[in-house]
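The data block below is upload.cif; it holds mmCIF, C-alpha atoms (C1' of nucleotides).
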data_my_file
#
loop_
_atom_site.label_atom_id
_atom_site.label_comp_id
_atom_site.auth_asym_id
_atom_site.auth_seq_id
_atom_site.Cartn_x
_atom_site.Cartn_y
_atom_site.Cartn_z
CA MET A 1 -15.97 -1.75 -8.53
CA ASP A 2 -15.82 -0.23 -5.07
CA LYS A 3 -12.37 1.07 -4.14
CA ARG A 4 -12.49 -0.84 -0.87
CA ILE A 5 -12.97 -4.20 -2.58
CA LYS A 6 -10.10 -3.57 -4.95
CA LYS A 7 -7.78 -2.59 -2.13
CA SER A 8 -8.76 -5.51 0.09
CA LYS A 9 -8.44 -8.11 -2.64
CA ARG A 10 -5.14 -6.72 -3.79
CA ALA A 11 -3.77 -6.69 -0.26
CA ILE A 12 -4.93 -10.26 0.34
CA GLU A 13 -3.56 -11.63 -2.91
CA GLU A 14 -0.29 -9.80 -2.49
CA ALA A 15 -0.03 -11.24 1.00
CA LEU A 16 -0.58 -14.72 -0.37
CA ILE A 17 2.16 -14.33 -2.99
CA SER A 18 4.46 -12.86 -0.38
CA LEU A 19 3.89 -15.79 1.96
CA MET A 20 4.33 -18.26 -0.88
CA ALA A 21 7.83 -16.89 -1.31
CA GLU A 22 8.57 -18.20 2.17
CA ASN A 23 6.42 -21.30 2.66
CA ASP A 24 4.70 -23.95 0.64
CA PHE A 25 1.12 -23.08 -0.11
CA ILE A 26 -0.21 -25.98 1.94
CA ASP A 27 1.42 -24.61 5.10
CA ILE A 28 -0.01 -21.11 4.77
CA THR A 29 -2.91 -20.28 7.07
CA ILE A 30 -5.79 -17.89 6.56
CA ASN A 31 -4.71 -16.24 9.79
CA SER A 32 -1.25 -15.47 8.49
CA ILE A 33 -2.65 -14.14 5.23
CA ALA A 34 -4.99 -11.81 7.08
CA GLU A 35 -2.17 -10.65 9.29
CA ARG A 36 0.23 -9.92 6.45
CA ALA A 37 -2.47 -8.28 4.35
CA ASP A 38 -3.46 -6.21 7.35
CA VAL A 39 -7.13 -6.99 6.97
CA ASN A 40 -9.65 -8.61 9.24
CA ARG A 41 -9.80 -12.35 8.84
CA GLY A 42 -13.49 -12.11 8.05
CA THR A 43 -12.75 -9.87 5.09
CA ILE A 44 -11.04 -12.76 3.35
CA TYR A 45 -14.15 -14.91 3.64
CA LEU A 46 -16.13 -12.02 2.17
CA HIS A 47 -14.39 -12.53 -1.16
CA TYR A 48 -13.05 -16.09 -1.13
CA GLU A 49 -14.46 -19.46 -0.17
CA ASP A 50 -11.22 -20.61 1.41
CA LYS A 51 -7.52 -20.43 0.73
CA PHE A 52 -7.81 -22.70 -2.29
CA ASP A 53 -10.37 -20.43 -3.85
CA LEU A 54 -8.08 -17.53 -3.03
CA LEU A 55 -5.19 -19.17 -4.84
CA GLU A 56 -7.51 -19.98 -7.73
CA GLN A 57 -8.72 -16.40 -8.10
CA CYS A 58 -5.24 -15.08 -7.62
CA ILE A 59 -3.82 -17.23 -10.40
CA GLU A 60 -6.76 -16.46 -12.64
CA GLY A 61 -6.17 -12.75 -12.12
CA LYS A 62 -2.49 -13.00 -12.94
CA ILE A 63 -3.25 -14.85 -16.16
CA GLN A 64 -5.93 -12.36 -17.17
CA LYS A 65 -3.60 -9.42 -16.56
CA LEU A 66 -0.90 -11.13 -18.54
CA LEU A 67 -3.25 -11.71 -21.46
CA ASN A 68 -4.86 -8.28 -21.38
CA PHE A 69 -1.52 -6.59 -21.25
CA CYS A 70 0.33 -8.69 -23.76
CA LEU A 71 -2.11 -9.71 -26.45
CA PRO A 72 -3.99 -6.59 -27.49
CA GLU A 73 -2.18 -4.90 -30.35
CA GLY A 74 -3.67 -3.15 -33.30
CA SER A 75 -6.43 -5.71 -32.85
CA GLY A 76 -6.95 -9.18 -34.18
CA SER A 77 -3.85 -10.95 -35.46
CA TYR A 78 -2.39 -12.55 -32.41
CA PRO A 79 1.20 -13.56 -32.75
CA SER A 80 3.74 -11.02 -33.75
CA LYS A 81 7.29 -10.45 -32.80
CA SER A 82 6.44 -7.26 -30.97
CA SER A 83 3.64 -8.84 -28.93
CA LEU A 84 6.05 -11.61 -28.00
CA LEU A 85 8.62 -9.06 -26.89
CA ARG A 86 5.98 -7.22 -24.89
CA THR A 87 5.11 -10.49 -23.18
CA PHE A 88 8.68 -11.22 -22.18
CA ASN A 89 9.10 -7.69 -20.88
CA TYR A 90 5.98 -8.14 -18.77
CA LEU A 91 7.19 -11.50 -17.49
CA GLU A 92 10.52 -9.97 -16.58
CA GLU A 93 8.86 -7.10 -14.74
CA HIS A 94 6.70 -9.52 -12.74
CA SER A 95 9.24 -12.29 -12.51
CA PHE A 96 9.04 -12.34 -8.71
CA THR A 97 5.39 -13.36 -8.86
CA PHE A 98 5.66 -15.73 -11.79
CA HIS A 99 8.68 -17.42 -10.31
CA ILE A 100 6.73 -18.16 -7.16
CA LEU A 101 3.66 -19.39 -9.00
CA LEU A 102 5.80 -21.64 -11.17
CA THR A 103 7.89 -23.15 -8.38
CA ASN A 104 5.83 -23.24 -5.18
CA LYS A 105 5.00 -26.82 -4.29
CA GLY A 106 1.41 -27.85 -4.60
CA VAL A 107 0.60 -25.39 -7.36
CA PRO A 108 0.80 -27.26 -10.63
CA THR A 109 -2.37 -25.40 -11.61
CA PHE A 110 -0.55 -22.36 -12.82
CA ARG A 111 1.49 -24.00 -15.54
CA LYS A 112 -1.51 -26.02 -16.67
CA LYS A 113 -3.70 -22.96 -16.96
CA ILE A 114 -1.20 -21.05 -18.99
CA LEU A 115 -0.72 -24.07 -21.16
CA ASN A 116 -4.45 -24.33 -21.81
CA VAL A 117 -4.76 -20.65 -22.63
CA MET A 118 -1.85 -20.91 -25.00
CA LYS A 119 -3.22 -24.04 -26.64
CA ALA A 120 -6.51 -22.32 -27.35
CA GLY A 121 -4.81 -19.23 -28.73
CA MET A 122 -2.40 -21.16 -30.89
CA LYS A 123 -5.11 -23.43 -32.21
CA GLU A 124 -7.17 -20.46 -33.29
CA GLN A 125 -4.13 -18.96 -34.91
CA LEU A 126 -3.28 -22.14 -36.78
CA GLU A 127 -6.78 -22.39 -38.17
CA LEU A 128 -6.66 -18.81 -39.35
CA ASN A 129 -3.39 -19.37 -41.11
CA GLY A 130 -3.72 -20.94 -44.50
CA ILE A 131 -0.26 -22.35 -44.29
CA ASN A 132 1.05 -25.65 -42.93
CA GLN A 133 -0.62 -27.75 -45.62
CA ASN A 134 1.73 -30.62 -45.08
CA ILE A 135 1.88 -30.50 -41.31
CA ASN A 136 -0.44 -32.36 -38.96
CA LYS A 137 -2.08 -29.57 -36.97
CA GLU A 138 -3.33 -32.01 -34.37
CA ILE A 139 0.20 -32.86 -33.46
CA LEU A 140 1.53 -29.36 -33.85
CA ILE A 141 -1.00 -28.11 -31.30
CA GLN A 142 0.31 -30.57 -28.77
CA PHE A 143 3.86 -29.76 -29.58
CA LEU A 144 4.15 -25.98 -29.83
CA PRO A 145 2.37 -24.66 -26.73
CA SER A 146 4.11 -27.12 -24.47
CA ALA A 147 7.49 -26.28 -25.94
CA THR A 148 6.83 -22.56 -25.69
CA ILE A 149 5.72 -22.79 -22.09
CA SER A 150 8.81 -24.73 -21.22
CA VAL A 151 11.01 -22.06 -22.70
CA ILE A 152 9.19 -19.41 -20.69
CA GLU A 153 9.33 -21.50 -17.53
CA TRP A 154 13.02 -22.13 -17.94
CA TRP A 155 13.71 -18.47 -18.61
CA ILE A 156 11.89 -17.31 -15.47
CA ILE A 157 13.27 -19.95 -13.14
CA GLU A 158 16.81 -19.38 -14.35
CA SER A 159 16.40 -15.70 -13.50
CA MET A 160 16.15 -14.51 -17.08
CA PRO A 161 19.64 -15.34 -18.38
CA TYR A 162 18.85 -13.60 -21.68
CA SER A 163 17.33 -10.21 -22.34
CA PRO A 164 13.67 -10.08 -23.43
CA GLU A 165 14.93 -9.01 -26.84
CA ASP A 166 17.21 -12.03 -27.19
CA ILE A 167 14.76 -14.60 -25.93
CA THR A 168 12.09 -13.14 -28.21
CA GLU A 169 14.40 -13.43 -31.19
CA GLN A 170 15.25 -17.03 -30.41
CA LEU A 171 11.70 -18.13 -29.79
CA TRP A 172 10.50 -16.36 -32.89
CA ILE A 173 12.97 -18.29 -34.99
CA LEU A 174 11.71 -21.53 -33.48
CA LEU A 175 8.10 -20.61 -34.21
CA GLU A 176 9.02 -19.79 -37.78
CA GLN A 177 10.84 -23.06 -38.24
CA ASN A 178 7.77 -24.86 -36.97
CA HIS A 179 5.43 -23.16 -39.41
CA PHE A 180 3.45 -21.39 -36.73
CA VAL A 181 4.06 -18.00 -38.31
CA PRO A 182 4.74 -17.28 -41.98
CA LYS A 183 8.40 -16.74 -42.76
CA MET B 1 -7.84 2.36 16.24
CA ASP B 2 -9.80 0.87 13.38
CA LYS B 3 -7.61 -0.57 10.62
CA ARG B 4 -9.54 1.39 8.01
CA ILE B 5 -8.79 4.73 9.63
CA LYS B 6 -5.11 3.95 9.89
CA LYS B 7 -4.93 2.90 6.26
CA SER B 8 -6.87 5.89 4.98
CA LYS B 9 -4.90 8.43 6.97
CA ARG B 10 -1.62 6.87 5.99
CA ALA B 11 -2.58 6.84 2.33
CA ILE B 12 -3.72 10.45 2.47
CA GLU B 13 -0.63 11.72 4.27
CA GLU B 14 1.68 9.74 2.04
CA ALA B 15 -0.09 11.23 -0.95
CA LEU B 16 0.42 14.71 0.43
CA ILE B 17 4.15 14.16 0.93
CA SER B 18 4.42 12.61 -2.50
CA LEU B 19 2.72 15.60 -4.11
CA MET B 20 4.84 18.01 -2.10
CA ALA B 21 7.87 16.48 -3.79
CA GLU B 22 6.48 17.79 -7.07
CA ASN B 23 4.59 20.98 -6.25
CA ASP B 24 4.51 23.70 -3.65
CA PHE B 25 2.02 22.98 -0.91
CA ILE B 26 -0.12 25.96 -1.86
CA ASP B 27 -0.72 24.56 -5.35
CA ILE B 28 -1.84 21.14 -4.18
CA THR B 29 -5.58 20.47 -4.32
CA ILE B 30 -7.71 18.21 -2.19
CA ASN B 31 -8.79 16.55 -5.40
CA SER B 32 -5.28 15.60 -6.37
CA ILE B 33 -4.56 14.30 -2.88
CA ALA B 34 -7.64 12.10 -2.96
CA GLU B 35 -6.71 10.83 -6.40
CA ARG B 36 -3.14 9.98 -5.49
CA ALA B 37 -4.16 8.43 -2.18
CA ASP B 38 -6.80 6.44 -4.01
CA VAL B 39 -9.53 7.40 -1.56
CA ASN B 40 -12.81 9.15 -1.96
CA ARG B 41 -12.54 12.89 -1.59
CA GLY B 42 -15.07 12.83 1.21
CA THR B 43 -12.84 10.51 3.20
CA ILE B 44 -10.32 13.30 3.57
CA TYR B 45 -12.90 15.57 5.12
CA LEU B 46 -13.79 12.76 7.49
CA HIS B 47 -10.41 13.15 9.17
CA TYR B 48 -9.16 16.63 8.32
CA GLU B 49 -10.72 20.09 8.32
CA ASP B 50 -8.97 21.12 5.14
CA LYS B 51 -5.58 20.75 3.52
CA PHE B 52 -3.94 22.99 6.10
CA ASP B 53 -5.19 20.81 8.90
CA LEU B 54 -3.96 17.82 6.93
CA LEU B 55 -0.48 19.30 6.68
CA GLU B 56 -0.61 20.17 10.37
CA GLN B 57 -1.55 16.65 11.44
CA CYS B 58 0.93 15.17 9.01
CA ILE B 59 3.81 17.21 10.40
CA GLU B 60 2.72 16.54 13.95
CA GLY B 61 2.72 12.83 13.24
CA LYS B 62 6.21 12.88 11.72
CA ILE B 63 7.56 14.72 14.74
CA GLN B 64 5.89 12.35 17.16
CA LYS B 65 7.26 9.32 15.37
CA LEU B 66 10.70 10.86 15.33
CA LEU B 67 10.56 11.50 19.07
CA ASN B 68 9.05 8.17 20.00
CA PHE B 69 11.58 6.32 17.95
CA CYS B 70 14.66 8.29 18.85
CA LEU B 71 14.34 9.39 22.46
CA PRO B 72 13.31 6.34 24.44
CA GLU B 73 16.38 4.55 25.70
CA GLY B 74 16.84 2.79 28.98
CA SER B 75 14.50 5.47 30.30
CA GLY B 76 15.03 8.95 31.58
CA SER B 77 18.38 10.48 30.72
CA TYR B 78 17.79 12.11 27.38
CA PRO B 79 20.95 12.94 25.54
CA SER B 80 23.46 10.29 24.86
CA LYS B 81 25.71 9.56 21.97
CA SER B 82 23.78 6.45 21.08
CA SER B 83 20.42 8.20 21.06
CA LEU B 84 21.92 10.86 18.84
CA LEU B 85 23.20 8.19 16.48
CA ARG B 86 19.82 6.53 16.47
CA THR B 87 18.26 9.85 15.54
CA PHE B 88 20.57 10.43 12.60
CA ASN B 89 19.97 6.91 11.37
CA TYR B 90 16.23 7.53 11.51
CA LEU B 91 16.61 10.84 9.71
CA GLU B 92 18.67 9.16 7.02
CA GLU B 93 16.12 6.43 6.57
CA HIS B 94 13.32 8.97 6.19
CA SER B 95 15.37 11.63 4.46
CA PHE B 96 12.97 11.76 1.53
CA THR B 97 10.16 12.93 3.78
CA PHE B 98 12.22 15.24 5.95
CA HIS B 99 13.86 16.83 2.94
CA ILE B 100 10.46 17.71 1.54
CA LEU B 101 9.14 19.05 4.82
CA LEU B 102 12.25 21.16 5.28
CA THR B 103 12.35 22.61 1.78
CA ASN B 104 8.81 22.86 0.40
CA LYS B 105 7.77 26.48 0.12
CA GLY B 106 5.10 27.69 2.47
CA VAL B 107 5.98 25.20 5.22
CA PRO B 108 8.17 27.01 7.72
CA THR B 109 6.10 25.31 10.40
CA PHE B 110 8.13 22.15 10.35
CA ARG B 111 11.46 23.65 11.29
CA LYS B 112 9.82 25.78 13.95
CA LYS B 113 8.07 22.82 15.52
CA ILE B 114 11.20 20.75 15.71
CA LEU B 115 13.03 23.71 17.12
CA ASN B 116 10.42 24.13 19.86
CA VAL B 117 10.49 20.46 20.76
CA MET B 118 14.25 20.55 20.93
CA LYS B 119 14.28 23.71 23.01
CA ALA B 120 11.97 22.12 25.55
CA GLY B 121 14.01 18.94 25.69
CA MET B 122 17.31 20.72 25.99
CA LYS B 123 16.03 23.09 28.62
CA GLU B 124 14.87 20.20 30.76
CA GLN B 125 18.21 18.53 30.29
CA LEU B 126 20.16 21.64 31.23
CA GLU B 127 18.17 22.04 34.42
CA LEU B 128 18.82 18.44 35.36
CA ASN B 129 22.52 18.81 34.82
CA GLY B 130 24.33 20.33 37.76
CA ILE B 131 27.08 21.60 35.52
CA ASN B 132 27.46 24.86 33.61
CA GLN B 133 27.86 27.00 36.71
CA ASN B 134 29.57 29.75 34.85
CA ILE B 135 27.41 29.67 31.72
CA ASN B 136 24.25 31.67 31.17
CA LYS B 137 21.62 29.00 30.60
CA GLU B 138 19.17 31.53 29.22
CA ILE B 139 21.49 32.23 26.36
CA LEU B 140 22.62 28.66 25.93
CA ILE B 141 19.01 27.57 25.44
CA GLN B 142 18.67 30.02 22.58
CA PHE B 143 21.96 29.03 21.11
CA LEU B 144 22.18 25.25 21.21
CA PRO B 145 18.84 24.06 19.80
CA SER B 146 19.01 26.47 16.91
CA ALA B 147 22.56 25.47 16.10
CA THR B 148 21.71 21.78 16.35
CA ILE B 149 18.69 22.13 14.10
CA SER B 150 20.77 23.93 11.55
CA VAL B 151 23.27 21.12 11.47
CA ILE B 152 20.50 18.60 10.97
CA GLU B 153 18.85 20.75 8.31
CA TRP B 154 22.09 21.19 6.43
CA TRP B 155 22.85 17.49 6.64
CA ILE B 156 19.48 16.46 5.20
CA ILE B 157 19.35 19.08 2.46
CA GLU B 158 22.89 18.31 1.34
CA SER B 159 21.86 14.67 0.97
CA MET B 160 23.73 13.44 4.02
CA PRO B 161 27.35 14.06 2.99
CA TYR B 162 28.60 12.30 6.14
CA SER B 163 27.58 8.98 7.62
CA PRO B 164 25.28 9.01 10.67
CA GLU B 165 28.28 7.84 12.70
CA ASP B 166 30.46 10.73 11.56
CA ILE B 167 27.86 13.43 11.97
CA THR B 168 26.99 12.08 15.41
CA GLU B 169 30.63 12.20 16.44
CA GLN B 170 31.04 15.76 15.25
CA LEU B 171 27.86 17.05 16.83
CA TRP B 172 28.65 15.29 20.07
CA ILE B 173 31.97 17.09 20.27
CA LEU B 174 30.22 20.40 19.74
CA LEU B 175 27.70 19.64 22.49
CA GLU B 176 30.52 18.73 24.82
CA GLN B 177 32.42 21.91 24.06
CA ASN B 178 29.28 23.87 24.82
CA HIS B 179 28.81 22.24 28.20
CA PHE B 180 25.51 20.61 27.24
CA VAL B 181 26.78 17.18 28.21
CA PRO B 182 29.48 16.36 30.76
CA LYS B 183 32.84 15.68 29.20
"C1'" DT C 1 -5.24 -40.17 25.77
"C1'" DT C 2 -6.12 -35.87 27.58
"C1'" DT C 3 -5.06 -30.96 27.55
"C1'" DA C 4 -4.05 -26.97 25.51
"C1'" DA C 5 -3.51 -24.10 21.65
"C1'" DT C 6 -4.37 -22.82 17.10
"C1'" DC C 7 -7.05 -22.48 13.03
"C1'" DT C 8 -11.39 -22.46 10.61
"C1'" DG C 9 -15.70 -20.85 9.10
"C1'" DT C 10 -19.70 -18.23 10.36
"C1'" DT C 11 -22.65 -14.68 12.56
"C1'" DC C 12 -23.67 -10.03 14.34
"C1'" DA C 13 -23.88 -5.07 15.43
"C1'" DT C 14 -21.13 -1.15 14.64
"C1'" DT C 15 -18.41 1.93 12.02
"C1'" DA C 16 -15.88 3.78 8.16
"C1'" DA C 17 -15.55 4.46 3.17
"C1'" DT C 18 -17.98 4.93 -0.95
"C1'" DA C 19 -20.43 7.16 -4.96
"C1'" DA C 20 -23.35 10.67 -6.17
"C1'" DA C 21 -25.31 14.95 -5.91
"C1'" DC C 22 -25.32 19.71 -4.68
"C1'" DA C 23 -24.46 24.88 -4.02
"C1'" DA C 24 -20.98 28.04 -3.48
"C1'" DA C 25 -16.26 29.73 -4.03
"C1'" DA C 26 -12.24 30.26 -6.77
"C1'" DG C 27 -9.73 30.19 -10.98
"C1'" DT C 28 -9.28 30.41 -16.20
"C1'" DG C 29 -9.60 31.93 -20.79
"C1'" DG C 30 -11.75 34.53 -24.34
"C1'" DC D 1 -16.36 41.63 -18.04
"C1'" DC D 2 -18.70 37.14 -18.54
"C1'" DA D 3 -19.13 32.29 -19.54
"C1'" DC D 4 -16.82 28.02 -18.26
"C1'" DT D 5 -14.34 24.89 -15.62
"C1'" DT D 6 -12.44 23.37 -11.47
"C1'" DT D 7 -12.33 23.03 -6.69
"C1'" DT D 8 -14.35 23.05 -2.28
"C1'" DG D 9 -17.07 21.65 1.48
"C1'" DT D 10 -21.22 19.26 2.83
"C1'" DT D 11 -25.00 15.97 2.64
"C1'" DT D 12 -27.25 11.63 1.65
"C1'" DA D 13 -28.14 6.42 1.22
"C1'" DT D 14 -25.59 2.37 0.42
"C1'" DT D 15 -22.03 -0.94 1.00
"C1'" DA D 16 -17.81 -2.98 2.72
"C1'" DA D 17 -14.67 -3.76 6.58
"C1'" DT D 18 -14.19 -4.20 11.34
"C1'" DG D 19 -13.86 -6.46 15.98
"C1'" DA D 20 -15.85 -9.70 18.72
"C1'" DA D 21 -17.79 -13.82 19.73
"C1'" DC D 22 -18.77 -18.54 18.81
"C1'" DA D 23 -18.63 -23.78 18.02
"C1'" DG D 24 -16.24 -27.20 15.74
"C1'" DA D 25 -12.01 -29.07 13.54
"C1'" DT D 26 -6.85 -29.70 13.60
"C1'" DT D 27 -2.74 -29.94 15.48
"C1'" DA D 28 0.90 -30.24 19.15
"C1'" DA D 29 2.41 -31.10 23.53
"C1'" DA D 30 2.26 -33.34 27.95
#

Written as C-alpha cells, how would this file's structure read?
Amino acid sequence: MDKRIKKSKRAIEEALISLMAENDFIDITINSIAERADVNRGTIYLHYEDKFDLLEQCIEGKIQKLLNFCLPEGSGSYPSKSSLLRTFNYLEEHSFTFHILLTNKGVPTFRKKILNVMKAGMKEQLELNGINQNINKEILIQFLPSATISVIEWWIIESMPYSPEDITEQLWILLEQNHFVPK
Amino acid sequence: MDKRIKKSKRAIEEALISLMAENDFIDITINSIAERADVNRGTIYLHYEDKFDLLEQCIEGKIQKLLNFCLPEGSGSYPSKSSLLRTFNYLEEHSFTFHILLTNKGVPTFRKKILNVMKAGMKEQLELNGINQNINKEILIQFLPSATISVIEWWIIESMPYSPEDITEQLWILLEQNHFVPK
DNA sequence: TTTAATCTGTTCATTAATAAACAAAAGTGG
DNA sequence: CCACTTTTGTTTATTAATGAACAGATTAAA
C-alpha cells in the first residue's frame, strides 16, 4: 500500500484514540480529529465514510493486529501457554489503547467483537480436541469465552495488577480445570 | 506551507539526527535516511540538493528555532537573565539534538554558526550599551561569545550537571563581571 | 424565533509524494 | 584487477493529500 495512505490512516486513527482518552466518542468531531491528526479534513473522507466508519475500521484494525501478533506460533494448534503469555504481554504494551476502547462510552462494539472472535476460535479448538466427552460443548462455548474476556477486561481496566506471567498462569489453570486444554 | 512538505521535511531531518546518534555523518547514506524517515528516496531530492545540503538546512533550522524561541521577550533589549534562563531550558529540553550536533564528527559547522550568531547579537548589544568606556570592545567581542559558547557546549556534553537556573545564575555573574550587562 | 457559529459532506484544481526504472559513480570482496 | 553490489542522482507516469469553496444540517446564543 502507498506510504501516504498508511501514514494518513495511522495519524487519523491515532488522533481518534487520543481524543477518546479525553472525550466520549459521541462528542468527538471530524474537525477535531483532522486537527489533531494534522491532516486535511477531506483526507478523512477519502478513507472513511464518517466517524462511525472510522471507529469501526479502527477497532477492526486493533483486533486484527492483536490476532496476527498473538496467535501465530509454530502454526496450527491455537491455545498454548506461551501464546497466552504473548497475548497478555501485547495487551500490556498497548494497554493505553485497549483501556480506552474498553471504557469509552458508546463503544460496546469492541468487547463484543473480541468476544465473537474468541468464541469462533475456541469453538474450533473444542471441536479439534477429542476430549470433553462428558461436557456439553454448547454450554462451554457460551461460558469460556465470556469468562476469559471478563478476566482480560478486568486486568486492563484495573491497570494490570498482576504481571503477564502471573495472569497467564492463573488463566491457564482455569482453562485446564474447564477442560478447554488437556491437562 | 503545505502540510505534506512540513511533514516530509520534519521526518527527513529527524531521521538524519537519529542516524547521527549512531553513525558519523560521513557514513550516513541517503538510502538509510529515506528508510528511517519512511519516505521515498526521491522525496529527499525534492527538498535537498544532497545530504550536505540536508545537514545544512537541518542545522540552520535548529538555530532559527533556538533564536525565535529564546530571544523574543517584551521586544528589543536582548540580554536579560530571564531570556538566558529560557535559553538554557530550551537547550535542556532539546539536549539530545544539540548534543549530537555538537559532537558528531565532521560537523564543526554547528558550533561555528552559533558562535557567529552570538557574535553578531553581542556586538549589537555592546554598541547599544553606553557602558564599557574603558574596555576594548574589539577584544571583548572576540572574548565573550567564544567563552559563552564554550560554557554552553560543556554544559550540554556533560549532560547538564547543573540546573538551568544554576547555570544561568553563574553565567550571568560572569557576563556582569565582564561588563556585558550593567551591574 | 431569529441570528450566528460550527460542523458536515462533497467537489474541484493544484501540488506533493510515490513507485519504478535508469545510467553512472562509488565501494566491496575475491 | 575485475565482477558484484550498493549508492546516487534524475526522470517518468500515477496517485494521494491539500486548500478552498460550497450548500445544507446542527447547535448555541441572543

**Prompt:** Written as a list of chain:residue names, what is the full residue list that the PyMOL selection byres ((chain D) within 10 of (chain A)) yields on the file shown?
**Reply:**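 After applying the PyMOL selection byres ((chain D) within 10 of (chain A)), what remains is D:DT15, D:DA16, D:DA17, D:DT18, D:DG19.
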
**Message:** So the first atom is atom CA of Thr168 of chain B and the second is atom CA of Val151 of chain B; what is the distance between them in Å, to one decimal place?
**Reply:**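 Distance reported for this atom pair: 10.5 Å.
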
**Request:** Record the distance separating atom CA of Leu67 of chain B and atom CA of Lys9 of chain B, expressed in Å with one decimal.
**Result:**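 Between atom CA of Leu67 of chain B and atom CA of Lys9 of chain B the gap is 19.9 Å.
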
**Message:** My list of candidates is C:DT15, C:DA21, C:DT10, C:DT3. Which is closest to DA13 of chain D when distances are computed with all atoms listed in the file?
**Reply:** C:DA21

Which residues of chain C sit at most 12 Å from chain A, using only C-alpha atoms (C1' of nucleotides)? Give each one's shortest atom pair and distance in Å (one decimal place), in chain and ascending residue order, as a tab-separated table.
residue	atom	partner	partner_atom	distance
C:DT6	C1'	A:Asn31	CA	9.8
C:DC7	C1'	A:Asn31	CA	7.4
C:DT8	C1'	A:Ile30	CA	8.3
C:DG9	C1'	A:Tyr45	CA	8.2
C:DT10	C1'	A:Gly42	CA	9.0
C:DT11	C1'	A:Gly42	CA	10.5
C:DA16	C1'	A:Arg4	CA	10.7
C:DA17	C1'	A:Arg4	CA	7.3
C:DT18	C1'	A:Asp2	CA	6.9
C:DA19	C1'	A:Asp2	CA	8.7

**Prompt:** So which residues touch DA30 of chain D within 12 Å, counting only C-alpha atoms (C1' of nucleotides), skipping near sequence neighbours fewer than 2 positions away, as a ChimeraX atom specification?
**Reply:** /C:1-4 /D:28

**Prompt:** Do you know which residues are at most 9 Å from DA26 of chain C counting all atoms listed in the file, after dropping those on the same chain fewer than 4 positions away, and could you put them as a ChimeraX atom specification?
**Reply:** /D:6-8

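With all atoms listed in the file as the atoms that count, the residue of A:Glu153, A:Asp38, A:Glu14, A:Glu158 with the shortest distance to chain B is A:Asp38.
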
**Request:** In Å, rounded to a single decimal, give me how far atom CA of Ile157 of chain A is from atom CA of Lys81 of chain A.
**Result:** 22.6 Å

**Residues returned when the PyMOL selection byres ((chain A and resi 54) around 10) runs on this file, as a list of chain:residue names** =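 That selection, the PyMOL selection byres ((chain A and resi 54) around 10), comes back as A:Lys9, A:Ile12, A:Glu13, A:Leu16, A:Ile30, A:Ile44, A:Tyr45, A:His47, A:Tyr48, A:Glu49, A:Asp50, A:Lys51, A:Phe52, A:Asp53, A:Leu55, A:Glu56, A:Gln57, A:Cys58, A:Ile59, A:Glu60.
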
How about saving the chosen residues, C-alpha atoms kept, as a PDB file, in the coordinates of the input?
ATOM      1  CA  LYS A   9      -8.440  -8.110  -2.640  1.00  0.00           C
ATOM      2  CA  ILE A  12      -4.930 -10.260   0.340  1.00  0.00           C
ATOM      3  CA  GLU A  13      -3.560 -11.630  -2.910  1.00  0.00           C
ATOM      4  CA  LEU A  16      -0.580 -14.720  -0.370  1.00  0.00           C
ATOM      5  CA  ILE A  30      -5.790 -17.890   6.560  1.00  0.00           C
ATOM      6  CA  ILE A  44     -11.040 -12.760   3.350  1.00  0.00           C
ATOM      7  CA  TYR A  45     -14.150 -14.910   3.640  1.00  0.00           C
ATOM      8  CA  HIS A  47     -14.390 -12.530  -1.160  1.00  0.00           C
ATOM      9  CA  TYR A  48     -13.050 -16.090  -1.130  1.00  0.00           C
ATOM     10  CA  GLU A  49     -14.460 -19.460  -0.170  1.00  0.00           C
ATOM     11  CA  ASP A  50     -11.220 -20.610   1.410  1.00  0.00           C
ATOM     12  CA  LYS A  51      -7.520 -20.430   0.730  1.00  0.00           C
ATOM     13  CA  PHE A  52      -7.810 -22.700  -2.290  1.00  0.00           C
ATOM     14  CA  ASP A  53     -10.370 -20.430  -3.850  1.00  0.00           C
ATOM     15  CA  LEU A  55      -5.190 -19.170  -4.840  1.00  0.00           C
ATOM     16  CA  GLU A  56      -7.510 -19.980  -7.730  1.00  0.00           C
ATOM     17  CA  GLN A  57      -8.720 -16.400  -8.100  1.00  0.00           C
ATOM     18  CA  CYS A  58      -5.240 -15.080  -7.620  1.00  0.00           C
ATOM     19  CA  ILE A  59      -3.820 -17.230 -10.400  1.00  0.00           C
ATOM     20  CA  GLU A  60      -6.760 -16.460 -12.640  1.00  0.00           C
TER      21      GLU A  60
END
